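Before any comments, here is the structure.
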2 protein chains.
Amino acid sequence: MSEAISPLATPFPAIPAIAGVTLRVARAGYKDWGRCDLTYAELAQGTAVAGVFTRNVCCSSEVELGRQNVAQGSARALVVNAGNSNAFTGYRGREAVEQIMVQVADHLGCAKEEVFVSSTGVIGVPLPKDKARAGVEAALKADPCDWQMAAQTIGTTDTFAKGACVSVQLGASRCTLGAIIKGSGMIAPDMATMLGYIFTDAAVSPEFLQECLSAANRRTFSCITVDSDTSTSDTVLAFATGKAGNDVLTGFDSPGADAFTAALEDICRQLAHLVVRDGEGAQKFIAVSVSGAVSDESARKVGLSIANSPLVKTAIAGEDANWGRVVMAVGKAGEPADRDRLSIGFGGTWAALNGQPVPDYDEAPVTKHLKGQDISIEVDLGMGQGMATVWTCDLTHGYISINADYRS
Amino acid sequence: MSEAISPLATPFPAIPAIAGVTLRVARAGYKDWGRCDLTYAELAQGTAVAGVFTRNVCCSSEVELGRQNVAQGSARALVVNAGNSNAFTGYRGREAVEQIMVQVADHLGCAKEEVFVSSTGVIGVPLPKDKARAGVEAALKADPCDWQMAAQTIGTTDTFAKGACVSVQLGASRCTLGAIIKGSGMIAPDMATMLGYIFTDAAVSPEFLQECLSAANRRTFSCITVDSDTSTSDTVLAFATGKAGNDVLTGFDSPGADAFTAALEDICRQLAHLVVRDGEGAQKFIAVSVSGAVSDESARKVGLSIANSPLVKTAIAGEDANWGRVVMAVGKAGEPADRDRLSIGFGGTWAALNGQPVPDYDEAPVTKHLKGQDISIEVDLGMGQGMATVWTCDLTHGYISINADYRS
């Protein structure tokens, strides 16, 4: 954890124990730091798993193996290494991951494909096998810990521990979803990376869990950006232990499926927002809402073009209602738009309507809005019914300081 | 012109008079500044014209009309307004441009389609017709000026005047290409915009001039980026007066065509580099050379993904040989790449080869290289024969200061 806490930080929530999930942490010593850096989650037999992973083609062995192993649908353990991403390390990096999988599988008496491994930290240095072996051994013997300790232990450049909790009624059973996430620069591969883990006691088939997670991902994790850079290690895994006693959810026709999918999307959105709130150098949380696009996907792309624009992000940092930069970002997105139907607002006040500045535009409420911490930008394209919201943070001197003012 | 001159600035070159081109400047007073802000270039009868324009769909009326009028192939005049981009101003903005075209056409006795207009500056404010009319009138009566004065007058946030000159032998005729350009943030639509103008006394058909300019653009202006943002006004126009007396170039089979296209690409590359050298906050000039791609276009996209990455650009600002960030940027480009065939170097020293760190990697020469002002990043994808070089600058506190630390 870094020293200076993000001004957008929120307190760690209360998350109850989830039946079938046991958390432990240990010191592997991947870096020379006096903190735990290996997190271990043991999962009950019969736990279903689903996952979404980075699309970066230079992904780590952890991502490659995780993507393969999610397909078989069941999980017994998760190991997260902090301080070394093990990315771009060739066969030696892959051997280190496989060693961890085998070590935990031997301990639990499960298949090694049921052990999921993530790593985050410096790239280009193979994960040291000796440290990993000793760290896993220590974690297997450690006392169980709480969610906050696990959230802290998966963090690297994060300035605060991030977790979320949602509960949902499925028939007669009350189910809980608890989750932890780390991530700061949307994605600085040598320092930060988005890793998220969602645990629930609900009974859900692996196939339906994957369907729900993929859908939630499109509207949550795929709608955030800090700096437009895409990690080599991004991973979100969902584990369902099935201990709550509900009838197994196998599809949208199962009773309670709608409630579960809403709860899963809710917790994913909370986690996604937490990552933005810890964006490197962030001073303001920005929601960009795009309506009137030709499709939802087109709206998302326009939103990301705005949210990734350095000129828009620096304007918000400067509390400047510079809607001309938003026009520019809409126009460069490559999506269907018509300059003369475009409307742009801040905090609910239109600055430009149908391609022209609002004649009696009162900038006072906009100026007041931009002085706050939670900023909204509204864009209507006037083309169709598609809509999406994406989230980002402003671009400040803090981002430059974190990423340029040091030597590796 | 801004006060603090870019550390990467170069002196304005000697550019001789070009037969058939007369430059004049005047004060239209688009902003409350004590400087000339309207540039007028008069062109001899029979001047051929070609142009490339922004792909931003929210482009200005100047761009729309320019794109239309280039099609007829001949030009008699160019008017450039500095201080107001006239973008996103609806029918009123268009009327202002048409007024200038008609005013100049009446003076010269030519078709209004032969008058080209560009504007750069604040967006969302229609160009004031009265100021434009008086400014054009003053320019038509003004004494001719030199290239440096014209280059200064088209500038806005530029910190130095930018020009280039190349000469080429076409048969018995010595031809000159002279050019001026403005641009600073690759593209901040309310403040900066890339506008470039190339003049030559060579005789070239409009169709072949367009073919040459489009080809040169793909390898020069389309290969630079400061901040990934795309202006609503970007324009490059080439004018060929035909006064040098060479046989008209009409295609690649014309004698001298190869020399002319090489000279045109040379001057375009010089201009493109000047824009990067005046990039907002730039401290270092960065060339990213990509080889081994499946095609030249794929190499260009990978290069731009690296050159646009905030994490790569801040690493260079920090003189940090962070090749992991280059791996990340290659992987997120969406182009064919294979982690295990990827090699990355700085200043001619490989840091990673075939997907793994170089075992005996000596960082000393790389560290020395990164302390300089001219940085090169080499990437070999190991996939095919495609190659490209793109140019950018580093991302520094200066960029944030220019774009965030003020109110509009």
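FYI, nothing fancy with the structure tokens labels: chains A, B, ... in order, residues from 1 per chain, ligands from 1 as they appear.
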Near-B:Thr235 list (8 Å; only C-alpha atoms; drop same-chain fewer than 5 positions) as a ChimeraX atom specification:
/B:51-54,63,118,194-196
DSSP helix (DSSP H, G or I) residues within stretch 147-365 of chain B, listed as a ChimeraX atom specification
/B:147-154,206-219,221-223,257-277,296-307,310-317,323-332,339-341,364-365
Export of prior selection with C-alpha atoms as a PDB file, in the first residue's frame:
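Dumped everything to part21.pdb:
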ATOM      1  CA  TRP B 147       8.219  32.850 -44.773  1.00  0.00           C
ATOM      2  CA  GLN B 148       9.111  33.264 -41.129  1.00  0.00           C
ATOM      3  CA  MET B 149       6.533  36.022 -40.620  1.00  0.00           C
ATOM      4  CA  ALA B 150       3.858  33.831 -42.264  1.00  0.00           C
ATOM      5  CA  ALA B 151       4.874  30.870 -40.085  1.00  0.00           C
ATOM      6  CA  GLN B 152       4.620  33.020 -36.956  1.00  0.00           C
ATOM      7  CA  THR B 153       1.234  34.367 -37.968  1.00  0.00           C
ATOM      8  CA  ILE B 154      -0.451  30.982 -38.431  1.00  0.00           C
ATOM      9  CA  PRO B 206      -3.581  18.182 -59.351  1.00  0.00           C
ATOM     10  CA  GLU B 207      -4.333  14.452 -59.509  1.00  0.00           C
ATOM     11  CA  PHE B 208      -0.697  13.430 -59.198  1.00  0.00           C
ATOM     12  CA  LEU B 209      -0.061  16.070 -56.521  1.00  0.00           C
ATOM     13  CA  GLN B 210      -2.917  14.554 -54.506  1.00  0.00           C
ATOM     14  CA  GLU B 211      -1.564  11.050 -55.019  1.00  0.00           C
ATOM     15  CA  CYS B 212       1.903  12.106 -53.823  1.00  0.00           C
ATOM     16  CA  LEU B 213       0.569  14.084 -50.858  1.00  0.00           C
ATOM     17  CA  SER B 214      -1.696  11.246 -49.694  1.00  0.00           C
ATOM     18  CA  ALA B 215       1.190   8.772 -49.887  1.00  0.00           C
ATOM     19  CA  ALA B 216       3.586  11.093 -48.050  1.00  0.00           C
ATOM     20  CA  ASN B 217       0.919  11.787 -45.419  1.00  0.00           C
ATOM     21  CA  ARG B 218       0.623   8.088 -44.579  1.00  0.00           C
ATOM     22  CA  ARG B 219       4.335   7.924 -43.725  1.00  0.00           C
ATOM     23  CA  PHE B 221       1.760  13.270 -40.615  1.00  0.00           C
ATOM     24  CA  SER B 222      -0.142  10.042 -39.964  1.00  0.00           C
ATOM     25  CA  CYS B 223       2.872   8.748 -38.030  1.00  0.00           C
ATOM     26  CA  ALA B 257       8.447  12.066 -60.630  1.00  0.00           C
ATOM     27  CA  ASP B 258      10.499   9.902 -58.274  1.00  0.00           C
ATOM     28  CA  ALA B 259      12.674  12.839 -57.257  1.00  0.00           C
ATOM     29  CA  PHE B 260       9.626  15.018 -56.677  1.00  0.00           C
ATOM     30  CA  THR B 261       7.774  12.455 -54.551  1.00  0.00           C
ATOM     31  CA  ALA B 262      10.928  11.905 -52.479  1.00  0.00           C
ATOM     32  CA  ALA B 263      11.305  15.664 -51.991  1.00  0.00           C
ATOM     33  CA  LEU B 264       7.646  16.012 -51.012  1.00  0.00           C
ATOM     34  CA  GLU B 265       7.898  13.189 -48.486  1.00  0.00           C
ATOM     35  CA  ASP B 266      11.118  14.712 -47.151  1.00  0.00           C
ATOM     36  CA  ILE B 267       9.486  18.095 -46.528  1.00  0.00           C
ATOM     37  CA  CYS B 268       6.383  16.470 -45.002  1.00  0.00           C
ATOM     38  CA  ARG B 269       8.594  14.493 -42.614  1.00  0.00           C
ATOM     39  CA  GLN B 270      10.501  17.641 -41.634  1.00  0.00           C
ATOM     40  CA  LEU B 271       7.217  19.430 -40.921  1.00  0.00           C
ATOM     41  CA  ALA B 272       5.809  16.491 -38.969  1.00  0.00           C
ATOM     42  CA  HIS B 273       8.932  16.349 -36.806  1.00  0.00           C
ATOM     43  CA  LEU B 274       8.671  20.069 -36.090  1.00  0.00           C
ATOM     44  CA  VAL B 275       5.155  19.611 -34.705  1.00  0.00           C
ATOM     45  CA  VAL B 276       6.375  16.868 -32.369  1.00  0.00           C
ATOM     46  CA  ARG B 277       9.321  19.052 -31.337  1.00  0.00           C
ATOM     47  CA  ASP B 296       3.584  -1.783 -42.879  1.00  0.00           C
ATOM     48  CA  GLU B 297       0.128  -0.660 -41.745  1.00  0.00           C
ATOM     49  CA  SER B 298       0.186  -3.134 -38.858  1.00  0.00           C
ATOM     50  CA  ALA B 299       3.635  -1.825 -37.887  1.00  0.00           C
ATOM     51  CA  ARG B 300       2.295   1.743 -37.913  1.00  0.00           C
ATOM     52  CA  LYS B 301      -0.597   0.770 -35.617  1.00  0.00           C
ATOM     53  CA  VAL B 302       1.742  -0.968 -33.175  1.00  0.00           C
ATOM     54  CA  GLY B 303       4.022   2.063 -33.273  1.00  0.00           C
ATOM     55  CA  LEU B 304       1.138   4.430 -32.539  1.00  0.00           C
ATOM     56  CA  SER B 305      -0.053   2.198 -29.681  1.00  0.00           C
ATOM     57  CA  ILE B 306       3.408   2.601 -28.130  1.00  0.00           C
ATOM     58  CA  ALA B 307       3.655   6.304 -28.954  1.00  0.00           C
ATOM     59  CA  PRO B 310       0.822   7.431 -21.312  1.00  0.00           C
ATOM     60  CA  LEU B 311       2.878   4.867 -19.429  1.00  0.00           C
ATOM     61  CA  VAL B 312       5.545   4.618 -22.137  1.00  0.00           C
ATOM     62  CA  LYS B 313       5.643   8.398 -22.528  1.00  0.00           C
ATOM     63  CA  THR B 314       5.994   9.031 -18.793  1.00  0.00           C
ATOM     64  CA  ALA B 315       8.698   6.352 -18.567  1.00  0.00           C
ATOM     65  CA  ILE B 316      10.740   8.190 -21.229  1.00  0.00           C
ATOM     66  CA  ALA B 317      10.145  11.463 -19.377  1.00  0.00           C
ATOM     67  CA  TRP B 323      10.588  -2.074 -21.608  1.00  0.00           C
ATOM     68  CA  GLY B 324       7.714  -3.827 -19.789  1.00  0.00           C
ATOM     69  CA  ARG B 325       5.500  -0.877 -20.651  1.00  0.00           C
ATOM     70  CA  VAL B 326       6.477  -1.271 -24.306  1.00  0.00           C
ATOM     71  CA  VAL B 327       5.475  -4.959 -24.116  1.00  0.00           C
ATOM     72  CA  MET B 328       2.121  -3.875 -22.721  1.00  0.00           C
ATOM     73  CA  ALA B 329       1.591  -1.302 -25.489  1.00  0.00           C
ATOM     74  CA  VAL B 330       2.451  -3.848 -28.200  1.00  0.00           C
ATOM     75  CA  GLY B 331      -0.004  -6.309 -26.688  1.00  0.00           C
ATOM     76  CA  LYS B 332      -2.889  -3.873 -26.465  1.00  0.00           C
ATOM     77  CA  ARG B 339       4.854 -12.598 -26.970  1.00  0.00           C
ATOM     78  CA  ASP B 340       7.564 -15.201 -27.466  1.00  0.00           C
ATOM     79  CA  ARG B 341       8.956 -13.600 -30.656  1.00  0.00           C
ATOM     80  CA  ALA B 364      24.576   1.433 -19.009  1.00  0.00           C
ATOM     81  CA  PRO B 365      24.390   2.424 -22.721  1.00  0.00           C
TER      82      PRO B 365
END
Need to verify the contact set: stretch 34-38 of chain B, 12 Å, only C-alpha atoms, exclusion of same-chain residues closer than 3 positions in sequence. Can you return it as a ChimeraX atom specification?
/B:1,23-31,41,78-84,100,117-121,131-140,142,145,149-156
Just list the residues in stretch 78-176 of chain A DSSP gives strand (DSSP E) on the backbone, as a PyMOL selection string.
chain A and resi 78-84+115-122+162-170+173-176
Just to be explicit: take each residue in the selection above, keep N, CA and C atoms, and write the result as a compact mmCIF listing (two decimals), in the first residue's frame.
# COMPACT_ATOMS: atom_id res chain seq x y z
N LEU A 78 -7.32 -20.37 -4.77
CA LEU A 78 -6.80 -19.20 -5.49
C LEU A 78 -5.53 -18.75 -4.78
N VAL A 79 -4.47 -18.49 -5.55
CA VAL A 79 -3.23 -17.93 -4.99
C VAL A 79 -2.91 -16.65 -5.74
N VAL A 80 -2.70 -15.56 -5.00
CA VAL A 80 -2.36 -14.27 -5.62
C VAL A 80 -1.01 -13.80 -5.09
N ASN A 81 -0.06 -13.60 -6.01
CA ASN A 81 1.26 -13.09 -5.67
C ASN A 81 1.32 -11.59 -5.94
N ALA A 82 1.81 -10.82 -4.98
CA ALA A 82 1.96 -9.37 -5.17
C ALA A 82 3.44 -9.00 -5.14
N GLY A 83 3.85 -8.17 -6.10
CA GLY A 83 5.25 -7.72 -6.12
C GLY A 83 6.02 -8.22 -7.33
N ASN A 84 5.43 -9.15 -8.07
CA ASN A 84 6.07 -9.69 -9.28
C ASN A 84 4.96 -10.20 -10.19
N VAL A 115 -6.73 -25.08 -9.34
CA VAL A 115 -5.98 -24.07 -8.58
C VAL A 115 -5.69 -22.88 -9.51
N PHE A 116 -6.16 -21.71 -9.13
CA PHE A 116 -6.00 -20.51 -9.96
C PHE A 116 -4.94 -19.61 -9.35
N VAL A 117 -4.06 -19.09 -10.21
CA VAL A 117 -2.94 -18.27 -9.75
C VAL A 117 -2.96 -16.93 -10.49
N SER A 118 -2.76 -15.85 -9.74
CA SER A 118 -2.57 -14.53 -10.34
C SER A 118 -1.31 -13.92 -9.75
N SER A 119 -0.67 -13.04 -10.54
CA SER A 119 0.51 -12.34 -10.04
C SER A 119 0.48 -10.91 -10.54
N THR A 120 0.98 -10.00 -9.72
CA THR A 120 1.00 -8.58 -10.07
C THR A 120 2.23 -7.92 -9.49
N GLY A 121 2.87 -7.11 -10.32
CA GLY A 121 4.08 -6.42 -9.87
C GLY A 121 5.01 -6.22 -11.05
N VAL A 122 6.29 -6.19 -10.79
CA VAL A 122 7.27 -5.92 -11.83
C VAL A 122 7.19 -6.99 -12.92
N LYS A 162 -9.65 -2.40 -1.14
CA LYS A 162 -10.92 -2.28 -1.86
C LYS A 162 -11.72 -3.56 -1.76
N GLY A 163 -12.95 -3.45 -1.29
CA GLY A 163 -13.84 -4.60 -1.21
C GLY A 163 -15.28 -4.17 -1.42
N ALA A 164 -16.16 -5.14 -1.63
CA ALA A 164 -17.58 -4.84 -1.80
C ALA A 164 -18.39 -6.05 -1.36
N CYS A 165 -19.62 -5.80 -0.99
CA CYS A 165 -20.50 -6.88 -0.51
C CYS A 165 -21.92 -6.59 -0.95
N VAL A 166 -22.61 -7.64 -1.40
CA VAL A 166 -24.01 -7.53 -1.81
C VAL A 166 -24.68 -8.80 -1.33
N SER A 167 -25.94 -8.70 -0.87
CA SER A 167 -26.66 -9.93 -0.56
C SER A 167 -27.93 -10.01 -1.39
N VAL A 168 -28.40 -11.24 -1.59
CA VAL A 168 -29.53 -11.44 -2.49
C VAL A 168 -30.33 -12.64 -2.00
N GLN A 169 -31.66 -12.55 -2.08
CA GLN A 169 -32.54 -13.64 -1.67
C GLN A 169 -32.80 -14.55 -2.87
N LEU A 170 -32.44 -15.83 -2.74
CA LEU A 170 -32.71 -16.79 -3.81
C LEU A 170 -33.64 -17.85 -3.25
N SER A 173 -33.28 -19.03 0.42
CA SER A 173 -31.89 -18.87 0.86
C SER A 173 -31.42 -17.42 0.70
N ARG A 174 -30.78 -16.93 1.77
CA ARG A 174 -30.14 -15.63 1.69
C ARG A 174 -28.70 -15.88 1.25
N CYS A 175 -28.28 -15.31 0.10
CA CYS A 175 -26.93 -15.52 -0.41
C CYS A 175 -26.13 -14.23 -0.29
N THR A 176 -24.84 -14.41 -0.12
CA THR A 176 -23.94 -13.26 0.00
C THR A 176 -22.93 -13.29 -1.15
Taking 6 positions as the minimum chain separation for residues in the same chain, which residues sit within 10 Å of B:Pro255 when counting only C-alpha atoms? Answer as a list in words.
Leu170, Gly171, Asn246, Asp247, Val248 and Leu249 of chain B
Write out as a list of chain:residue names the residues lying within 9 Å of A:Tyr197, counting only C-alpha atoms and excluding same-chain residues fewer than 6 positions away.
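Non-adjacent residues within range: A:Gly178, A:Ala179, A:Ile180, A:Ile181, A:Thr235, A:Val236, A:Leu237, A:Ala238, A:Phe239.
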Of the candidates A:Ala19, A:Val226, A:Leu381, A:Ala337, which one gets nearest to chain B if we count only C-alpha atoms?
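Distance minimum relative to chain B lands on A:Ala337.
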